[in-house]
file start01.pdb (PDB, C-alpha atoms)
ATOM      1  CA  MET A   1      14.818   3.317   8.551  1.00  0.00           C
ATOM      2  CA  SER A   2      17.239   5.622   6.805  1.00  0.00           C
ATOM      3  CA  LEU A   3      16.110   8.253   4.346  1.00  0.00           C
ATOM      4  CA  PHE A   4      18.089   6.481   1.627  1.00  0.00           C
ATOM      5  CA  LEU A   5      16.211   3.222   2.146  1.00  0.00           C
ATOM      6  CA  ALA A   6      12.876   5.009   2.632  1.00  0.00           C
ATOM      7  CA  THR A   7      13.334   6.643  -0.765  1.00  0.00           C
ATOM      8  CA  LEU A   8      14.895   3.704  -2.599  1.00  0.00           C
ATOM      9  CA  LEU A   9      12.248   1.079  -1.749  1.00  0.00           C
ATOM     10  CA  PRO A  10       9.158   3.085  -2.841  1.00  0.00           C
ATOM     11  CA  GLY A  11      11.024   4.199  -5.951  1.00  0.00           C
ATOM     12  CA  LEU A  12      11.800   0.610  -6.902  1.00  0.00           C
ATOM     13  CA  ALA A  13       8.228  -0.467  -6.129  1.00  0.00           C
ATOM     14  CA  LEU A  14       6.808   2.311  -8.318  1.00  0.00           C
ATOM     15  CA  ALA A  15       9.255   1.468 -11.104  1.00  0.00           C
ATOM     16  CA  LEU A  16       8.242  -2.201 -10.959  1.00  0.00           C
ATOM     17  CA  VAL A  17       4.508  -1.433 -11.078  1.00  0.00           C
ATOM     18  CA  GLY A  18       5.077   1.092 -13.858  1.00  0.00           C
ATOM     19  CA  ALA A  19       7.122  -1.415 -15.868  1.00  0.00           C
ATOM     20  CA  LEU A  20       4.361  -4.018 -15.524  1.00  0.00           C
ATOM     21  CA  PHE A  21       1.718  -1.598 -16.783  1.00  0.00           C
ATOM     22  CA  LEU A  22       4.011  -0.378 -19.557  1.00  0.00           C
ATOM     23  CA  TRP A  23       4.683  -3.960 -20.650  1.00  0.00           C
ATOM     24  CA  ASN A  24       0.892  -4.527 -20.671  1.00  0.00           C
ATOM     25  CA  ASP A  25       0.970  -8.270 -21.191  1.00  0.00           C
ATOM     26  CA  PRO A  26      -2.515  -9.830 -21.212  1.00  0.00           C
ATOM     27  CA  ARG A  27      -1.605 -11.631 -17.962  1.00  0.00           C
ATOM     28  CA  VAL A  28      -1.003  -8.261 -16.278  1.00  0.00           C
ATOM     29  CA  GLY A  29      -4.453  -7.031 -17.231  1.00  0.00           C
ATOM     30  CA  SER A  30      -6.208 -10.238 -16.232  1.00  0.00           C
ATOM     31  CA  THR A  31      -4.357 -10.380 -12.904  1.00  0.00           C
ATOM     32  CA  ALA A  32      -5.155  -6.734 -12.164  1.00  0.00           C
ATOM     33  CA  LYS A  33      -8.809  -7.225 -13.042  1.00  0.00           C
ATOM     34  CA  ALA A  34      -9.047 -10.327 -10.856  1.00  0.00           C
ATOM     35  CA  LEU A  35      -7.200  -8.812  -7.875  1.00  0.00           C
ATOM     36  CA  PRO A  36     -10.063  -6.907  -6.164  1.00  0.00           C
ATOM     37  CA  ARG A  37     -12.127 -10.067  -5.588  1.00  0.00           C
ATOM     38  CA  SER A  38      -9.275 -12.546  -5.374  1.00  0.00           C
ATOM     39  CA  SER A  39      -9.429 -14.842  -2.351  1.00  0.00           C
ATOM     40  CA  ARG A  40      -5.679 -15.465  -2.570  1.00  0.00           C
ATOM     41  CA  GLY A  41      -5.100 -11.726  -2.661  1.00  0.00           C
ATOM     42  CA  ALA A  42      -7.387 -11.296   0.320  1.00  0.00           C
ATOM     43  CA  TRP A  43      -5.512 -13.890   2.352  1.00  0.00           C
ATOM     44  CA  LEU A  44      -2.152 -12.457   1.319  1.00  0.00           C
ATOM     45  CA  PHE A  45      -2.723  -8.706   1.607  1.00  0.00           C
ATOM     46  CA  PHE A  46      -5.340  -8.649   4.355  1.00  0.00           C
ATOM     47  CA  GLY A  47      -3.445 -11.321   6.265  1.00  0.00           C
ATOM     48  CA  LEU A  48      -0.181  -9.370   6.066  1.00  0.00           C
ATOM     49  CA  GLY A  49      -1.943  -6.154   7.032  1.00  0.00           C
ATOM     50  CA  ALA A  50      -3.676  -7.820   9.983  1.00  0.00           C
ATOM     51  CA  MET A  51      -0.442  -9.403  11.224  1.00  0.00           C
ATOM     52  CA  TRP A  52       1.450  -6.130  10.922  1.00  0.00           C
ATOM     53  CA  PHE A  53      -1.343  -4.316  12.780  1.00  0.00           C
ATOM     54  CA  LEU A  54      -1.366  -6.981  15.502  1.00  0.00           C
ATOM     55  CA  TRP A  55       2.382  -6.580  15.882  1.00  0.00           C
ATOM     56  CA  ARG A  56       1.937  -2.806  16.224  1.00  0.00           C
ATOM     57  CA  ILE A  57      -0.776  -3.288  18.839  1.00  0.00           C
ATOM     58  CA  SER A  58       1.479  -5.649  20.780  1.00  0.00           C
ATOM     59  CA  ARG A  59       4.042  -2.864  21.086  1.00  0.00           C
ATOM     60  CA  LEU A  60       1.640  -0.355  22.637  1.00  0.00           C
ATOM     61  CA  GLY A  61       2.523   0.954  26.061  1.00  0.00           C
ATOM     62  CA  GLU A  62       0.225   1.533  29.011  1.00  0.00           C
ATOM     63  CA  ALA A  63      -0.213   5.181  28.066  1.00  0.00           C
ATOM     64  CA  ASP A  64      -1.755   4.130  24.731  1.00  0.00           C
ATOM     65  CA  LEU A  65      -4.187   1.657  26.249  1.00  0.00           C
ATOM     66  CA  ILE A  66      -7.306   3.226  27.748  1.00  0.00           C
ATOM     67  CA  PHE A  67      -9.233   0.368  29.324  1.00  0.00           C
ATOM     68  CA  PHE A  68      -6.665  -2.428  29.561  1.00  0.00           C
ATOM     69  CA  SER A  69      -3.358  -2.826  31.325  1.00  0.00           C
ATOM     70  CA  ASN A  70      -1.882  -4.912  28.516  1.00  0.00           C
ATOM     71  CA  PRO A  71      -2.675  -5.134  24.788  1.00  0.00           C
ATOM     72  CA  TRP A  72      -3.740  -8.816  24.716  1.00  0.00           C
ATOM     73  CA  PRO A  73      -7.547  -8.261  24.874  1.00  0.00           C
ATOM     74  CA  VAL A  74      -7.337  -5.784  22.008  1.00  0.00           C
ATOM     75  CA  MET A  75      -5.126  -8.145  20.012  1.00  0.00           C
ATOM     76  CA  VAL A  76      -7.475 -11.095  20.526  1.00  0.00           C
ATOM     77  CA  GLY A  77     -10.482  -8.981  19.552  1.00  0.00           C
ATOM     78  CA  PHE A  78      -8.836  -7.677  16.423  1.00  0.00           C
ATOM     79  CA  ALA A  79      -7.535 -11.123  15.421  1.00  0.00           C
ATOM     80  CA  ALA A  80     -11.052 -12.535  15.796  1.00  0.00           C
ATOM     81  CA  LEU A  81     -12.470  -9.684  13.734  1.00  0.00           C
ATOM     82  CA  ALA A  82      -9.865 -10.253  11.009  1.00  0.00           C
ATOM     83  CA  MET A  83     -10.597 -13.980  10.845  1.00  0.00           C
ATOM     84  CA  LEU A  84     -14.344 -13.360  10.740  1.00  0.00           C
ATOM     85  CA  SER A  85     -13.820 -10.841   7.930  1.00  0.00           C
ATOM     86  CA  LEU A  86     -11.866 -13.391   5.924  1.00  0.00           C
ATOM     87  CA  ALA A  87     -14.567 -15.996   6.476  1.00  0.00           C
ATOM     88  CA  TYR A  88     -17.760 -13.965   6.094  1.00  0.00           C
ATOM     89  CA  ALA A  89     -16.922 -10.785   4.148  1.00  0.00           C
ATOM     90  CA  PRO A  90     -14.331 -11.761   1.534  1.00  0.00           C
ATOM     91  CA  ASP A  91     -15.529  -9.396  -1.224  1.00  0.00           C
ATOM     92  CA  PHE A  92     -12.916  -6.771  -2.034  1.00  0.00           C
ATOM     93  CA  LEU A  93     -10.872  -7.782   1.011  1.00  0.00           C
ATOM     94  CA  ALA A  94      -7.731  -7.828  -1.147  1.00  0.00           C
ATOM     95  CA  VAL A  95      -8.242  -4.122  -1.873  1.00  0.00           C
ATOM     96  CA  ARG A  96      -8.773  -3.366   1.798  1.00  0.00           C
ATOM     97  CA  GLY A  97      -5.673  -5.390   2.630  1.00  0.00           C
ATOM     98  CA  LEU A  98      -3.640  -3.296   0.204  1.00  0.00           C
ATOM     99  CA  CYS A  99      -5.075  -0.185   1.859  1.00  0.00           C
ATOM    100  CA  ILE A 100      -4.043  -1.442   5.302  1.00  0.00           C
ATOM    101  CA  LEU A 101      -0.538  -2.148   4.035  1.00  0.00           C
ATOM    102  CA  MET A 102      -0.286   1.333   2.508  1.00  0.00           C
ATOM    103  CA  LEU A 103      -1.354   2.917   5.784  1.00  0.00           C
ATOM    104  CA  MET A 104       1.149   0.833   7.720  1.00  0.00           C
ATOM    105  CA  VAL A 105       4.024   1.455   5.289  1.00  0.00           C
ATOM    106  CA  ALA A 106       3.476   5.206   5.306  1.00  0.00           C
ATOM    107  CA  GLU A 107       4.585   5.732   8.897  1.00  0.00           C
ATOM    108  CA  PRO A 108       8.218   4.571   8.648  1.00  0.00           C
ATOM    109  CA  LEU A 109       8.627   6.224   5.258  1.00  0.00           C
ATOM    110  CA  LEU A 110       7.327   9.603   6.401  1.00  0.00           C
ATOM    111  CA  TYR A 111       9.169   9.333   9.703  1.00  0.00           C
ATOM    112  CA  ALA A 112      12.438   8.867   7.795  1.00  0.00           C
ATOM    113  CA  ALA A 113      11.807  12.081   5.848  1.00  0.00           C
ATOM    114  CA  TYR A 114      10.665  14.100   8.873  1.00  0.00           C
ATOM    115  CA  MET A 115      12.721  17.248   9.533  1.00  0.00           C
ATOM    116  CA  GLU A 116      15.075  16.564   6.611  1.00  0.00           C
ATOM    117  CA  TRP A 117      14.860  20.106   5.273  1.00  0.00           C
ATOM    118  CA  THR A 118      18.320  19.967   3.705  1.00  0.00           C
ATOM    119  CA  HIS A 119      17.170  17.299   1.238  1.00  0.00           C
ATOM    120  CA  PRO A 120      14.364  18.723  -0.924  1.00  0.00           C
ATOM    121  CA  GLN A 121      14.535  15.676  -3.222  1.00  0.00           C
ATOM    122  CA  ARG A 122      12.875  13.700  -0.408  1.00  0.00           C
ATOM    123  CA  LEU A 123       9.629  15.293  -1.580  1.00  0.00           C
ATOM    124  CA  LEU A 124       9.502  12.854  -4.509  1.00  0.00           C
ATOM    125  CA  MET A 125       9.039  10.011  -2.035  1.00  0.00           C
ATOM    126  CA  VAL A 126       6.831  12.006   0.320  1.00  0.00           C
ATOM    127  CA  THR A 127       4.504  13.037  -2.508  1.00  0.00           C
ATOM    128  CA  ALA A 128       4.138   9.427  -3.654  1.00  0.00           C
ATOM    129  CA  VAL A 129       3.387   8.334  -0.084  1.00  0.00           C
ATOM    130  CA  TYR A 130       0.715  11.001   0.401  1.00  0.00           C
ATOM    131  CA  ILE A 131      -0.911  10.095  -2.922  1.00  0.00           C
ATOM    132  CA  GLY A 132      -0.857   6.470  -1.778  1.00  0.00           C
ATOM    133  CA  LEU A 133      -2.426   7.437   1.550  1.00  0.00           C
ATOM    134  CA  ALA A 134      -5.204   9.371  -0.166  1.00  0.00           C
ATOM    135  CA  LEU A 135      -5.892   6.444  -2.491  1.00  0.00           C
ATOM    136  CA  ALA A 136      -5.820   4.001   0.427  1.00  0.00           C
ATOM    137  CA  LEU A 137      -8.396   5.992   2.382  1.00  0.00           C
ATOM    138  CA  TYR A 138     -10.620   6.344  -0.680  1.00  0.00           C
ATOM    139  CA  LEU A 139     -10.366   2.707  -1.751  1.00  0.00           C
ATOM    140  CA  ALA A 140     -10.887   1.413   1.791  1.00  0.00           C
ATOM    141  CA  ALA A 141     -14.264   3.157   1.782  1.00  0.00           C
ATOM    142  CA  ALA A 142     -15.144   2.247  -1.824  1.00  0.00           C
ATOM    143  CA  PRO A 143     -13.065  -0.788  -2.835  1.00  0.00           C
ATOM    144  CA  TYR A 144     -15.197  -1.510  -5.904  1.00  0.00           C
ATOM    145  CA  ARG A 145     -13.660   1.618  -7.446  1.00  0.00           C
ATOM    146  CA  MET A 146     -10.413  -0.287  -7.985  1.00  0.00           C
ATOM    147  CA  ARG A 147     -12.302  -2.877 -10.034  1.00  0.00           C
ATOM    148  CA  ASP A 148     -13.942  -0.109 -12.050  1.00  0.00           C
ATOM    149  CA  PHE A 149     -10.592   1.629 -12.579  1.00  0.00           C
ATOM    150  CA  PHE A 150      -8.913  -1.541 -13.846  1.00  0.00           C
ATOM    151  CA  GLU A 151     -11.832  -2.219 -16.174  1.00  0.00           C
ATOM    152  CA  TRP A 152     -11.480   1.286 -17.612  1.00  0.00           C
ATOM    153  CA  LEU A 153      -7.668   1.155 -17.712  1.00  0.00           C
ATOM    154  CA  PHE A 154      -7.413  -2.068 -19.690  1.00  0.00           C
ATOM    155  CA  GLN A 155     -10.170  -1.283 -22.207  1.00  0.00           C
ATOM    156  CA  ARG A 156      -7.513   0.339 -24.396  1.00  0.00           C
ATOM    157  CA  PRO A 157      -3.868  -0.752 -24.309  1.00  0.00           C
ATOM    158  CA  ALA A 158      -2.659   2.845 -24.664  1.00  0.00           C
ATOM    159  CA  ARG A 159      -4.163   3.801 -21.292  1.00  0.00           C
ATOM    160  CA  ALA A 160      -2.254   1.148 -19.358  1.00  0.00           C
ATOM    161  CA  ARG A 161       0.939   1.946 -21.266  1.00  0.00           C
ATOM    162  CA  LEU A 162       0.616   5.680 -20.566  1.00  0.00           C
ATOM    163  CA  LEU A 163      -0.013   5.107 -16.862  1.00  0.00           C
ATOM    164  CA  GLY A 164       2.865   2.640 -16.803  1.00  0.00           C
ATOM    165  CA  ALA A 165       5.221   5.118 -18.452  1.00  0.00           C
ATOM    166  CA  ILE A 166       4.291   7.869 -15.986  1.00  0.00           C
ATOM    167  CA  VAL A 167       4.637   5.622 -12.926  1.00  0.00           C
ATOM    168  CA  LEU A 168       7.881   4.092 -14.241  1.00  0.00           C
ATOM    169  CA  ALA A 169       9.413   7.531 -14.855  1.00  0.00           C
ATOM    170  CA  TYR A 170       8.355   8.730 -11.399  1.00  0.00           C
ATOM    171  CA  GLY A 171       9.698   5.558  -9.789  1.00  0.00           C
ATOM    172  CA  LEU A 172      13.025   5.877 -11.575  1.00  0.00           C
ATOM    173  CA  ALA A 173      13.291   9.549 -10.581  1.00  0.00           C
ATOM    174  CA  THR A 174      12.537   8.640  -6.971  1.00  0.00           C
ATOM    175  CA  THR A 175      15.070   5.812  -7.060  1.00  0.00           C
ATOM    176  CA  ALA A 176      17.709   8.120  -8.528  1.00  0.00           C
ATOM    177  CA  SER A 177      17.010  10.744  -5.886  1.00  0.00           C
ATOM    178  CA  ALA A 178      17.790   8.192  -3.161  1.00  0.00           C
ATOM    179  CA  PHE A 179      21.416   8.181  -4.313  1.00  0.00           C
ATOM    180  CA  THR A 180      21.746  11.968  -3.900  1.00  0.00           C
ATOM    181  CA  TYR A 181      21.578  12.038  -0.097  1.00  0.00           C
TER     182      TYR A 181
END

call {"tool": "encode", "arguments": {"input": "start01.pdb", "output": "structure tokens"}}
result
Amino acid sequence: MSLFLATLLPGLALALVGALFLWNDPRVGSTAKALPRSSRGAWLFFGLGAMWFLWRISRLGEADLIFFSNPWPVMVGFAALAMLSLAYAPDFLAVRGLCILMLMVAEPLLYAAYMEWTHPQRLLMVTAVYIGLALALYLAAAPYRMRDFFEWLFQRPARARLLGAIVLAYGLATTASAFTY
């Protein structure tokens, strides 16, 4: 992935999320509040995260595998664990799926910015990715905190609008910086 694309895509994603929070339609608040325990969200986000992780495992070489000569036993075990999680532990699985996706997305983004010292504007994207990683690790351990945050955020419309304005401005700045490489 090029540095341009690795900066443009997160910038656009941040701008979109910021615009949604700034718009603050009642549907945005109700969707955000329902997301942590949503079964559709769990199937979508956790399913995508599990498939991406399975694809990454399938690409492991022999040096990465300790006990097996090929990755198939690990893939089957993880696929079974993912399906059992969807069936028997669906609470807050959408949040954990988002955390998995953030962890998986971070690698190509940070790899694109690695050793690009001549482009200090890359730090806008890198900072957003590291904040996302920190949030992903925190929310994976305590996914109910996302529910609590959305409850607090949408108690007053000004809070969601302020967060939306900040995230939109940061996303637009990151998007604009992609065109300076």

call {"tool": "residues_around", "arguments": {"input": "start01.pdb", "residues": "Asn24 in chain A", "least_positions_apart": "4", "cutoff": "8 Å", "atoms": "all atoms listed in the file", "output": "list in words"}}
result
Leu20, Val28, Gly29, Pro157, Ala160 and Arg161 of chain A

call {"tool": "resolve_selection", "arguments": {"input": "start01.pdb", "expression": "the PyMOL selection byres ((chain A and resi 140) around 10)", "output": "list in words"}}
result
Phe92, Leu93, Val95, Arg96, Gly97, Leu98, Cys99, Ile100, Ala134, Leu135, Ala136, Leu137, Tyr138, Leu139, Ala141, Ala142, Pro143, Tyr144, Arg145 and Met146 of chain A

call {"tool": "residues_around", "arguments": {"input": "start01.pdb", "residues": "Met104 in chain A", "least_positions_apart": "5", "cutoff": "9 Å", "atoms": "only C-alpha atoms", "output": "list in words"}}
result
Gly49, Trp52, Phe53 and Cys99 of chain A

call {"tool": "atom_distance", "arguments": {"input": "start01.pdb", "atom1": "CA of Leu8 in chain A", "atom2": "CA of Phe45 in chain A"}}
result
22.0 Å

call {"tool": "atom_distance", "arguments": {"input": "start01.pdb", "atom1": "CA of Ser177 in chain A", "atom2": "CA of Thr7 in chain A"}}
result
7.5 Å

call {"tool": "closest_residue", "arguments": {"input": "start01.pdb", "among": "A:Tyr181, A:Tyr130, A:Phe150, A:Trp43", "to": "Ser85 in chain A", "atoms": "all atoms listed in the file"}}
result
A:Trp43

call {"tool": "resolve_selection", "arguments": {"input": "start01.pdb", "expression": "the PyMOL selection byres ((chain A and resi 128) around 10)", "output": "PyMOL selection string"}}
result
chain A and resi 10-11+14+106+123-127+129-134+170-171+174

call {"tool": "write_last_selection", "arguments": {"input": "start01.pdb", "atoms": "C-alpha atoms", "output": "compact mmCIF listing (two decimals), in the coordinates of the input"}}
result
# COMPACT_ATOMS: atom_id res chain seq x y z
CA PRO A 10 9.16 3.08 -2.84
CA GLY A 11 11.02 4.20 -5.95
CA LEU A 14 6.81 2.31 -8.32
CA ALA A 106 3.48 5.21 5.31
CA LEU A 123 9.63 15.29 -1.58
CA LEU A 124 9.50 12.85 -4.51
CA MET A 125 9.04 10.01 -2.04
CA VAL A 126 6.83 12.01 0.32
CA THR A 127 4.50 13.04 -2.51
CA VAL A 129 3.39 8.33 -0.08
CA TYR A 130 0.72 11.00 0.40
CA ILE A 131 -0.91 10.10 -2.92
CA GLY A 132 -0.86 6.47 -1.78
CA LEU A 133 -2.43 7.44 1.55
CA ALA A 134 -5.20 9.37 -0.17
CA TYR A 170 8.36 8.73 -11.40
CA GLY A 171 9.70 5.56 -9.79
CA THR A 174 12.54 8.64 -6.97

call {"tool": "residues_around", "arguments": {"input": "start01.pdb", "residues": "range 30-34 of chain A", "least_positions_apart": "6", "cutoff": "10 Å", "atoms": "all atoms listed in the file", "output": "NGL selection string"}}
result
:A and (21 or 41 or 146-151 or 153-154)

call {"tool": "write_last_selection", "arguments": {"input": "start01.pdb", "atoms": "C-alpha atoms", "output": "mmCIF file, keeping the file's coordinate frame"}}
result
data_model
loop_
_atom_site.group_PDB
_atom_site.id
_atom_site.type_symbol
_atom_site.label_atom_id
_atom_site.label_comp_id
_atom_site.auth_asym_id
_atom_site.auth_seq_id
_atom_site.Cartn_x
_atom_site.Cartn_y
_atom_site.Cartn_z
ATOM 1 C CA PHE A 21 1.718 -1.598 -16.783
ATOM 2 C CA GLY A 41 -5.100 -11.726 -2.661
ATOM 3 C CA MET A 146 -10.413 -0.287 -7.985
ATOM 4 C CA ARG A 147 -12.302 -2.877 -10.034
ATOM 5 C CA ASP A 148 -13.942 -0.109 -12.050
ATOM 6 C CA PHE A 149 -10.592 1.629 -12.579
ATOM 7 C CA PHE A 150 -8.913 -1.541 -13.846
ATOM 8 C CA GLU A 151 -11.832 -2.219 -16.174
ATOM 9 C CA LEU A 153 -7.668 1.155 -17.712
ATOM 10 C CA PHE A 154 -7.413 -2.068 -19.690
#

call {"tool": "decode", "arguments": {"input": "start01.pdb", "residues": "range 78-105 of chain A", "atoms": "N, CA and C atoms", "output": "short mmCIF file (atom, residue, chain, number, x, y, z; two decimals), in the first residue's frame"}}
result
data_model
loop_
_atom_site.label_atom_id
_atom_site.label_comp_id
_atom_site.auth_asym_id
_atom_site.auth_seq_id
_atom_site.Cartn_x
_atom_site.Cartn_y
_atom_site.Cartn_z
N PHE A 78 -8.95 -21.96 14.98
CA PHE A 78 -9.43 -20.60 15.14
C PHE A 78 -10.82 -20.42 14.53
N ALA A 79 -11.08 -21.03 13.38
CA ALA A 79 -12.41 -20.93 12.77
C ALA A 79 -13.47 -21.53 13.69
N ALA A 80 -13.15 -22.66 14.32
CA ALA A 80 -14.10 -23.26 15.27
C ALA A 80 -14.33 -22.35 16.46
N LEU A 81 -13.26 -21.75 16.96
CA LEU A 81 -13.39 -20.83 18.09
C LEU A 81 -14.23 -19.61 17.72
N ALA A 82 -14.04 -19.09 16.51
CA ALA A 82 -14.82 -17.93 16.07
C ALA A 82 -16.30 -18.29 15.94
N MET A 83 -16.60 -19.45 15.38
CA MET A 83 -18.00 -19.85 15.24
C MET A 83 -18.64 -20.11 16.61
N LEU A 84 -17.90 -20.72 17.51
CA LEU A 84 -18.43 -20.93 18.86
C LEU A 84 -18.66 -19.60 19.58
N SER A 85 -17.79 -18.64 19.36
CA SER A 85 -17.97 -17.31 19.96
C SER A 85 -19.24 -16.66 19.44
N LEU A 86 -19.46 -16.75 18.14
CA LEU A 86 -20.68 -16.17 17.57
C LEU A 86 -21.93 -16.86 18.10
N ALA A 87 -21.85 -18.15 18.36
CA ALA A 87 -23.02 -18.89 18.82
C ALA A 87 -23.27 -18.75 20.32
N TYR A 88 -22.19 -18.78 21.12
CA TYR A 88 -22.38 -18.86 22.57
C TYR A 88 -21.95 -17.64 23.36
N ALA A 89 -21.26 -16.69 22.76
CA ALA A 89 -20.83 -15.49 23.49
C ALA A 89 -21.03 -14.25 22.63
N PRO A 90 -22.29 -13.98 22.22
CA PRO A 90 -22.52 -12.88 21.29
C PRO A 90 -22.49 -11.48 21.91
N ASP A 91 -22.52 -11.38 23.24
CA ASP A 91 -22.54 -10.05 23.85
C ASP A 91 -21.27 -9.28 23.55
N PHE A 92 -21.45 -8.08 23.05
CA PHE A 92 -20.36 -7.15 22.74
C PHE A 92 -19.38 -7.71 21.72
N LEU A 93 -19.80 -8.69 20.93
CA LEU A 93 -18.92 -9.25 19.91
C LEU A 93 -18.72 -8.27 18.76
N ALA A 94 -19.67 -7.37 18.54
CA ALA A 94 -19.49 -6.34 17.51
C ALA A 94 -18.34 -5.41 17.88
N VAL A 95 -18.23 -5.07 19.15
CA VAL A 95 -17.13 -4.21 19.61
C VAL A 95 -15.81 -4.94 19.44
N ARG A 96 -15.77 -6.19 19.82
CA ARG A 96 -14.53 -6.96 19.68
C ARG A 96 -14.18 -7.16 18.21
N GLY A 97 -15.18 -7.30 17.36
CA GLY A 97 -14.92 -7.38 15.92
C GLY A 97 -14.32 -6.10 15.38
N LEU A 98 -14.83 -4.96 15.83
CA LEU A 98 -14.23 -3.68 15.43
C LEU A 98 -12.79 -3.58 15.92
N CYS A 99 -12.53 -4.09 17.11
CA CYS A 99 -11.16 -4.07 17.65
C CYS A 99 -10.24 -4.95 16.81
N ILE A 100 -10.72 -6.11 16.41
CA ILE A 100 -9.91 -6.99 15.55
C ILE A 100 -9.60 -6.28 14.24
N LEU A 101 -10.62 -5.66 13.65
CA LEU A 101 -10.40 -4.97 12.38
C LEU A 101 -9.40 -3.82 12.53
N MET A 102 -9.47 -3.10 13.64
CA MET A 102 -8.51 -2.01 13.86
C MET A 102 -7.10 -2.56 13.98
N LEU A 103 -6.94 -3.66 14.69
CA LEU A 103 -5.61 -4.27 14.82
C LEU A 103 -5.09 -4.76 13.48
N MET A 104 -5.97 -5.31 12.66
CA MET A 104 -5.55 -5.81 11.36
C MET A 104 -5.25 -4.68 10.37
N VAL A 105 -6.01 -3.62 10.44
CA VAL A 105 -5.81 -2.48 9.52
C VAL A 105 -4.53 -1.73 9.85
#
